[in-house]
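Beneath this line is the structure, given in structure tokens, with notes to follow.
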2 protein chains.
Amino acid sequence: MATSQFDLDSCIMCITSRSSKLFASKFNDALAPMGINRSAWMALYYIDQQAKIRQRDLADLIGITGPSMVKIVNQLSADDLITVAVSAKDRRARLLTLTPAGEDLLARSIPLAEAFRQQVTAGIPQADLDTLDRVMDQMMANANTL
Amino acid sequence: MATSQFDLDSCIMCITSRSSKLFASKFNDALAPMGINRSAWMALYYIDQQAKIRQRDLADLIGITGPSMVKIVNQLSADDLITVAVSAKDRRARLLTLTPAGEDLLARSIPLAEAFRQQVTAGIPQADLDTLDRVMDQMMANANTL
DNA sequence: AGTCAATAGTTAGCTAACTATCTATTTTTG
DNA sequence: CAAAAATAGATAGTTAGCTAACTATTGACT
């Protein structure tokens with residue numbers, strides 16, 4: 001029949017679904033030599049940006065739920081890449097900090113992430129990248145009102 | 001330390017990861033009244049566009065793997081929304097077609113999908129949406145060379 | 001001070017995708 | 001034409017995320 005007026009191929013939901021799957025997969029591949037995966041790497045990155053970050057705040061930064069964060073924190077801790085300390089001010093909270101091994105791993109992997117970013121955005125004018133950022137922000141804000 | 005020069009927040013990998021999660025979730029919510037989820041709906045959409053589509057080609061259109069497609073096809077068939085027929089020309093292949101019930105469900109849900117699209121893109125100039133499409137295509141092409 | 005609501009993190013179990021591997025069939029090639 | 005390679009789909013098991021429900025702790029309001 002093909003009766004519909006709706007164009008699914010150009011729907012933002014499909015575009016982001018495919019691209020995020022692709023980018024996540026390729027970024028994982030890029031990090032593979034470091035023996036770490038994408039979400040663990042993002043955690044290291046944000047803990048480096050803000051030492052003694054709360055587990056909850058880290059989950060918010062990465063954009064995953066609390067329970068999803070638990071597994072990642074446990075693994076990073078088991079691998080001695082981070083330390084986990086109970087906050088003195090709020091004993092519910094766990095404060096995360098990089099170990100020297102974590103700092104080292106992150107430092108060695110930053111060039112891989114930067115190379116990934118450059119390769120993916122190759123040949124695209126900065127103005128277009130800015131437009132993309134702005135439009136995505138607007139669409140996410142719109143979606144959040146639904 | 002915060003030593004890195006790399007800005008993860010503005011990395012396309014993170015932006016698409018968060019947005020695709022959000023859009024998929026909201027689109028699922030939008031379809032919930034129809035008793036169908038996002039991937040099943042996408043399958044119905046493409047089968048409507050092309051009757052007697054092969055299962056393999058449908059998976060490629062949706063952007064999922066063969067095994068992921070199997071479950072969706074089985075469920076749609078069990079729900080009598082599609083028929084599955086062995087191809088006469090290639091007995092390995094399964095040809096998918098909408099049943100009247102499938103056509104009906106799709107027709108009733110198209111307005112929901114169109115409303116979703118309009119709400120998410122509200123207030124965004126068409127030129128910016130075009131730029132986004134073009135830039136995403138280019139970045140995906142770039143990523144595929146990695 | 002005592003109760004009630006909110007917050008941080010955990011656990012258990014679910015979902016929707018994935019990879020690896022299998023069978024059946026078709027196509028290619030020596 | 002027979003053997004080998006490729007393709008379509010199915011099955012089994014894995015993964016990374018999720019929600020719901022729980023404990024421990026804190027803050028707010030009588």
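A note on labels: chains of the structure tokens are A, B, ... as shown, every chain counts residues from 1, and ligands are counted from 1 in their shown order.
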
Contact check, chain A to chain D, at most 12 Å, counting only C-alpha atoms (C1' of nucleotides), closest pairs as a tab-separated table:
residue	atom	partner	partner_atom	distance
A:Ala24	CA	D:DA16	C1'	11.8
A:Asn37	CA	D:DA16	C1'	11.0
A:Arg38	CA	D:DA16	C1'	10.8
A:Ser39	CA	D:DA16	C1'	9.3
A:Ala40	CA	D:DA16	C1'	11.5
A:Gly63	CA	D:DG17	C1'	11.0
A:Ile64	CA	D:DG17	C1'	8.0
A:Thr65	CA	D:DC18	C1'	7.9
A:Gly66	CA	D:DC18	C1'	10.3
A:Pro67	CA	D:DC18	C1'	8.8
A:Ser68	CA	D:DG17	C1'	6.9
A:Met69	CA	D:DG17	C1'	10.2
A:Lys71	CA	D:DA16	C1'	9.9
A:Ile72	CA	D:DA16	C1'	10.2
A:Ser87	CA	D:DT25	C1'	11.7
A:Lys89	CA	D:DT26	C1'	10.1
A:Asp90	CA	D:DT26	C1'	7.5
A:Arg91	CA	D:DT25	C1'	6.7
A:Arg92	CA	D:DT25	C1'	5.7
A:Ala93	CA	D:DT25	C1'	9.2

Could the residues in this selection be written to a file with N, CA and C atoms, as a PDB file, in the first residue's frame?
ATOM      1  N   ALA A  24      28.996   4.591  19.028  1.00  0.00           N
ATOM      2  CA  ALA A  24      29.342   3.870  20.256  1.00  0.00           C
ATOM      3  C   ALA A  24      30.197   2.652  19.923  1.00  0.00           C
ATOM      4  N   ASN A  37      36.043  -0.075  28.095  1.00  0.00           N
ATOM      5  CA  ASN A  37      34.957   0.207  27.156  1.00  0.00           C
ATOM      6  C   ASN A  37      34.449   1.632  27.335  1.00  0.00           C
ATOM      7  N   ARG A  38      33.526   1.981  26.467  1.00  0.00           N
ATOM      8  CA  ARG A  38      33.056   3.348  26.350  1.00  0.00           C
ATOM      9  C   ARG A  38      32.523   3.919  27.670  1.00  0.00           C
ATOM     10  N   SER A  39      31.623   3.203  28.342  1.00  0.00           N
ATOM     11  CA  SER A  39      31.007   3.801  29.515  1.00  0.00           C
ATOM     12  C   SER A  39      32.003   3.914  30.666  1.00  0.00           C
ATOM     13  N   ALA A  40      32.869   2.927  30.814  1.00  0.00           N
ATOM     14  CA  ALA A  40      33.908   3.008  31.841  1.00  0.00           C
ATOM     15  C   ALA A  40      34.847   4.179  31.544  1.00  0.00           C
ATOM     16  N   GLY A  63      24.680  10.213  31.758  1.00  0.00           N
ATOM     17  CA  GLY A  63      23.357  10.038  31.191  1.00  0.00           C
ATOM     18  C   GLY A  63      22.844   8.617  31.313  1.00  0.00           C
ATOM     19  N   ILE A  64      23.180   7.956  32.433  1.00  0.00           N
ATOM     20  CA  ILE A  64      22.648   6.622  32.699  1.00  0.00           C
ATOM     21  C   ILE A  64      21.991   6.626  34.076  1.00  0.00           C
ATOM     22  N   THR A  65      21.328   5.547  34.421  1.00  0.00           N
ATOM     23  CA  THR A  65      20.615   5.484  35.699  1.00  0.00           C
ATOM     24  C   THR A  65      21.566   5.072  36.825  1.00  0.00           C
ATOM     25  N   GLY A  66      21.111   5.257  38.053  1.00  0.00           N
ATOM     26  CA  GLY A  66      21.907   4.875  39.217  1.00  0.00           C
ATOM     27  C   GLY A  66      22.327   3.417  39.197  1.00  0.00           C
ATOM     28  N   PRO A  67      21.380   2.504  39.023  1.00  0.00           N
ATOM     29  CA  PRO A  67      21.741   1.084  38.982  1.00  0.00           C
ATOM     30  C   PRO A  67      22.764   0.739  37.893  1.00  0.00           C
ATOM     31  N   SER A  68      22.670   1.411  36.748  1.00  0.00           N
ATOM     32  CA  SER A  68      23.658   1.150  35.696  1.00  0.00           C
ATOM     33  C   SER A  68      25.044   1.619  36.140  1.00  0.00           C
ATOM     34  N   MET A  69      25.054   2.687  36.916  1.00  0.00           N
ATOM     35  CA  MET A  69      26.325   3.244  37.400  1.00  0.00           C
ATOM     36  C   MET A  69      26.997   2.271  38.372  1.00  0.00           C
ATOM     37  N   LYS A  71      27.328  -0.959  38.525  1.00  0.00           N
ATOM     38  CA  LYS A  71      28.186  -1.971  37.896  1.00  0.00           C
ATOM     39  C   LYS A  71      29.503  -1.372  37.426  1.00  0.00           C
ATOM     40  N   ILE A  72      29.415  -0.207  36.809  1.00  0.00           N
ATOM     41  CA  ILE A  72      30.607   0.431  36.261  1.00  0.00           C
ATOM     42  C   ILE A  72      31.568   0.805  37.384  1.00  0.00           C
ATOM     43  N   SER A  87      31.379   9.583  51.882  1.00  0.00           N
ATOM     44  CA  SER A  87      31.458  11.006  52.193  1.00  0.00           C
ATOM     45  C   SER A  87      31.274  11.232  53.695  1.00  0.00           C
ATOM     46  N   LYS A  89      30.374  14.128  54.910  1.00  0.00           N
ATOM     47  CA  LYS A  89      29.247  15.051  55.062  1.00  0.00           C
ATOM     48  C   LYS A  89      27.895  14.377  54.853  1.00  0.00           C
ATOM     49  N   ASP A  90      27.905  13.323  54.043  1.00  0.00           N
ATOM     50  CA  ASP A  90      26.648  12.609  53.762  1.00  0.00           C
ATOM     51  C   ASP A  90      26.996  11.148  53.583  1.00  0.00           C
ATOM     52  N   ARG A  91      26.754  10.384  54.647  1.00  0.00           N
ATOM     53  CA  ARG A  91      27.257   9.012  54.629  1.00  0.00           C
ATOM     54  C   ARG A  91      26.525   8.111  53.634  1.00  0.00           C
ATOM     55  N   ARG A  92      25.467   8.647  52.988  1.00  0.00           N
ATOM     56  CA  ARG A  92      24.844   7.870  51.908  1.00  0.00           C
ATOM     57  C   ARG A  92      25.716   7.903  50.655  1.00  0.00           C
ATOM     58  N   ALA A  93      26.465   8.994  50.519  1.00  0.00           N
ATOM     59  CA  ALA A  93      27.147   9.251  49.246  1.00  0.00           C
ATOM     60  C   ALA A  93      28.507   8.564  49.166  1.00  0.00           C
TER      61      ALA A  93
END

From a DSSP calculation on the backbone, collect every residue of chain B in helix (DSSP H, G or I) and output the set as a PDB file with C-alpha atoms, in the first residue's frame.
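selection25.pdb, freshly written:
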ATOM      1  CA  LEU B   8      33.448  14.896  26.051  1.00  0.00           C
ATOM      2  CA  ASP B   9      30.227  16.869  26.589  1.00  0.00           C
ATOM      3  CA  SER B  10      30.346  18.192  23.046  1.00  0.00           C
ATOM      4  CA  ILE B  12      28.997  13.640  18.930  1.00  0.00           C
ATOM      5  CA  MET B  13      29.137  10.164  20.438  1.00  0.00           C
ATOM      6  CA  CYS B  14      27.664  11.478  23.693  1.00  0.00           C
ATOM      7  CA  ILE B  15      25.147  13.759  22.062  1.00  0.00           C
ATOM      8  CA  THR B  16      23.685  11.004  19.889  1.00  0.00           C
ATOM      9  CA  SER B  17      23.810   8.505  22.734  1.00  0.00           C
ATOM     10  CA  ARG B  18      21.693  10.691  24.991  1.00  0.00           C
ATOM     11  CA  SER B  19      19.334  11.912  22.298  1.00  0.00           C
ATOM     12  CA  SER B  20      18.678   8.510  20.782  1.00  0.00           C
ATOM     13  CA  LYS B  21      17.888   7.099  24.211  1.00  0.00           C
ATOM     14  CA  LEU B  22      15.505   9.985  24.874  1.00  0.00           C
ATOM     15  CA  PHE B  23      13.792   9.901  21.473  1.00  0.00           C
ATOM     16  CA  ALA B  24      13.397   6.124  21.490  1.00  0.00           C
ATOM     17  CA  SER B  25      11.875   6.233  24.954  1.00  0.00           C
ATOM     18  CA  LYS B  26       9.459   9.042  24.093  1.00  0.00           C
ATOM     19  CA  PHE B  27       8.486   7.434  20.802  1.00  0.00           C
ATOM     20  CA  ASN B  28       7.770   4.200  22.630  1.00  0.00           C
ATOM     21  CA  ASP B  29       5.560   6.168  25.018  1.00  0.00           C
ATOM     22  CA  ALA B  30       3.760   7.746  22.066  1.00  0.00           C
ATOM     23  CA  LEU B  31       3.059   4.312  20.550  1.00  0.00           C
ATOM     24  CA  ALA B  32       2.073   2.679  23.835  1.00  0.00           C
ATOM     25  CA  PRO B  33      -1.680   3.320  23.301  1.00  0.00           C
ATOM     26  CA  MET B  34      -1.444   1.193  20.131  1.00  0.00           C
ATOM     27  CA  ARG B  38       9.159   1.213  18.407  1.00  0.00           C
ATOM     28  CA  SER B  39      11.001  -1.551  16.567  1.00  0.00           C
ATOM     29  CA  ALA B  40       7.837  -3.504  15.752  1.00  0.00           C
ATOM     30  CA  TRP B  41       6.286  -0.295  14.482  1.00  0.00           C
ATOM     31  CA  MET B  42       9.282   0.421  12.270  1.00  0.00           C
ATOM     32  CA  ALA B  43       8.982  -3.080  10.844  1.00  0.00           C
ATOM     33  CA  LEU B  44       5.298  -2.535  10.011  1.00  0.00           C
ATOM     34  CA  TYR B  45       6.174   0.792   8.402  1.00  0.00           C
ATOM     35  CA  TYR B  46       8.781  -0.668   6.063  1.00  0.00           C
ATOM     36  CA  ILE B  47       6.717  -3.746   5.205  1.00  0.00           C
ATOM     37  CA  ASP B  48       3.933  -1.376   4.211  1.00  0.00           C
ATOM     38  CA  GLN B  49       6.368   0.546   2.019  1.00  0.00           C
ATOM     39  CA  GLN B  55      13.410 -10.420   6.445  1.00  0.00           C
ATOM     40  CA  ARG B  56      17.076  -9.645   5.789  1.00  0.00           C
ATOM     41  CA  ASP B  57      16.343  -6.472   3.830  1.00  0.00           C
ATOM     42  CA  LEU B  58      13.952  -5.328   6.527  1.00  0.00           C
ATOM     43  CA  ALA B  59      16.642  -5.747   9.182  1.00  0.00           C
ATOM     44  CA  ASP B  60      18.989  -3.633   7.066  1.00  0.00           C
ATOM     45  CA  LEU B  61      16.369  -0.905   6.682  1.00  0.00           C
ATOM     46  CA  ILE B  62      15.701  -0.776  10.416  1.00  0.00           C
ATOM     47  CA  GLY B  66      19.371 -10.677  11.638  1.00  0.00           C
ATOM     48  CA  PRO B  67      18.887 -12.344  15.019  1.00  0.00           C
ATOM     49  CA  SER B  68      17.250  -9.204  16.412  1.00  0.00           C
ATOM     50  CA  MET B  69      14.888  -9.244  13.439  1.00  0.00           C
ATOM     51  CA  VAL B  70      13.851 -12.849  14.086  1.00  0.00           C
ATOM     52  CA  LYS B  71      12.181 -12.029  17.389  1.00  0.00           C
ATOM     53  CA  ILE B  72      10.327  -9.058  15.967  1.00  0.00           C
ATOM     54  CA  VAL B  73       9.069 -11.049  12.973  1.00  0.00           C
ATOM     55  CA  ASN B  74       7.954 -13.919  15.209  1.00  0.00           C
ATOM     56  CA  GLN B  75       6.025 -11.566  17.461  1.00  0.00           C
ATOM     57  CA  LEU B  76       4.389  -9.650  14.616  1.00  0.00           C
ATOM     58  CA  SER B  77       3.414 -12.940  13.009  1.00  0.00           C
ATOM     59  CA  ALA B  78       2.047 -14.319  16.289  1.00  0.00           C
ATOM     60  CA  PRO B 100      -5.366  -6.303   7.129  1.00  0.00           C
ATOM     61  CA  ALA B 101      -4.939  -6.009  10.907  1.00  0.00           C
ATOM     62  CA  GLY B 102      -1.359  -4.873  10.381  1.00  0.00           C
ATOM     63  CA  GLU B 103      -2.413  -2.306   7.802  1.00  0.00           C
ATOM     64  CA  ASP B 104      -5.090  -1.045  10.133  1.00  0.00           C
ATOM     65  CA  LEU B 105      -2.759  -0.729  13.109  1.00  0.00           C
ATOM     66  CA  LEU B 106      -0.189   1.086  11.014  1.00  0.00           C
ATOM     67  CA  ALA B 107      -2.754   3.466   9.561  1.00  0.00           C
ATOM     68  CA  ARG B 108      -4.070   4.333  13.011  1.00  0.00           C
ATOM     69  CA  SER B 109      -0.573   4.917  14.382  1.00  0.00           C
ATOM     70  CA  ILE B 110       0.814   7.116  11.609  1.00  0.00           C
ATOM     71  CA  PRO B 111      -0.788  10.239  13.117  1.00  0.00           C
ATOM     72  CA  LEU B 112       0.956   9.477  16.409  1.00  0.00           C
ATOM     73  CA  ALA B 113       4.307   9.252  14.652  1.00  0.00           C
ATOM     74  CA  GLU B 114       3.664  12.440  12.714  1.00  0.00           C
ATOM     75  CA  ALA B 115       2.646  14.271  15.890  1.00  0.00           C
ATOM     76  CA  PHE B 116       5.813  13.051  17.569  1.00  0.00           C
ATOM     77  CA  ARG B 117       7.934  14.335  14.705  1.00  0.00           C
ATOM     78  CA  GLN B 118       6.253  17.723  14.741  1.00  0.00           C
ATOM     79  CA  GLN B 119       6.582  18.127  18.494  1.00  0.00           C
ATOM     80  CA  VAL B 120      10.267  17.205  18.527  1.00  0.00           C
ATOM     81  CA  GLN B 126      13.886  23.555   8.016  1.00  0.00           C
ATOM     82  CA  ALA B 127      17.330  24.721   6.920  1.00  0.00           C
ATOM     83  CA  ASP B 128      18.754  23.648  10.278  1.00  0.00           C
ATOM     84  CA  LEU B 129      17.050  20.257  10.043  1.00  0.00           C
ATOM     85  CA  ASP B 130      18.532  19.831   6.574  1.00  0.00           C
ATOM     86  CA  THR B 131      21.965  20.727   7.895  1.00  0.00           C
ATOM     87  CA  LEU B 132      21.567  18.190  10.674  1.00  0.00           C
ATOM     88  CA  ASP B 133      20.639  15.442   8.185  1.00  0.00           C
ATOM     89  CA  ARG B 134      23.572  16.257   5.959  1.00  0.00           C
ATOM     90  CA  VAL B 135      26.097  16.492   8.794  1.00  0.00           C
ATOM     91  CA  MET B 136      24.941  13.262  10.389  1.00  0.00           C
ATOM     92  CA  ASP B 137      25.226  11.469   7.050  1.00  0.00           C
ATOM     93  CA  GLN B 138      28.764  12.770   6.620  1.00  0.00           C
ATOM     94  CA  MET B 139      29.805  11.763  10.135  1.00  0.00           C
ATOM     95  CA  MET B 140      28.357   8.298   9.744  1.00  0.00           C
ATOM     96  CA  ALA B 141      30.204   7.903   6.453  1.00  0.00           C
ATOM     97  CA  ASN B 142      33.390   9.060   8.197  1.00  0.00           C
ATOM     98  CA  ALA B 143      32.848   6.639  11.079  1.00  0.00           C
ATOM     99  CA  ASN B 144      32.286   3.754   8.695  1.00  0.00           C
TER     100      ASN B 144
END

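Among the candidates C:DG30, C:DA8, C:DA24, C:DC18, the residue lying nearest to chain A is C:DA8 (atoms considered: only C-alpha atoms (C1' of nucleotides)).
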
From a DSSP calculation on the backbone, collect every residue of chain A in strand (DSSP E) and output the set as a VMD selection string.
-> chain A and resid 53 to 54 82 to 86 94 to 98

File dump, residues just selected, C-alpha atoms, as a PDB file, in the first residue's frame:
ATOM      1  CA  ILE A  53      32.485  13.315  42.456  1.00  0.00           C
ATOM      2  CA  ARG A  54      29.420  11.591  43.874  1.00  0.00           C
ATOM      3  CA  ILE A  82      39.271   4.502  40.989  1.00  0.00           C
ATOM      4  CA  THR A  83      38.898   4.719  44.756  1.00  0.00           C
ATOM      5  CA  VAL A  84      35.492   4.816  46.418  1.00  0.00           C
ATOM      6  CA  ALA A  85      35.163   6.656  49.727  1.00  0.00           C
ATOM      7  CA  VAL A  86      32.140   7.295  51.912  1.00  0.00           C
ATOM      8  CA  ARG A  94      30.175   7.583  47.661  1.00  0.00           C
ATOM      9  CA  LEU A  95      32.945   9.871  46.441  1.00  0.00           C
ATOM     10  CA  LEU A  96      34.933   8.677  43.440  1.00  0.00           C
ATOM     11  CA  THR A  97      38.538   9.588  42.650  1.00  0.00           C
ATOM     12  CA  LEU A  98      41.032   8.293  40.089  1.00  0.00           C
TER      13      LEU A  98
END

Expected answer as a ChimeraX atom specification: chain C residues within 12 Å of chain A, only C-alpha atoms (C1' of nucleotides) = /C:7-12,17-18

What does the distance between atom C1' of C:DA6 and atom CA of A:Ala51 come to in Å, to one decimal place?
-> 25.7 Å

Nearest-residue call for chain B, choices A:Thr121, A:Ala88, A:Ile36, A:Leu81, using only C-alpha atoms =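 Looking at the shortest contact to chain B, the residue is A:Thr121.
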
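Restricting the calculation to only C-alpha atoms, the smallest distance between chain B and any of A:Gly35, A:Lys52, A:Asp79, A:Gln5 is found for A:Gln5.
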
Between atom CA of B:Ile124 and atom CA of A:Asp7, measure the distance and give it in Å to one decimal.
->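 Separating atom CA of B:Ile124 from atom CA of A:Asp7 is a distance of 17.6 Å.
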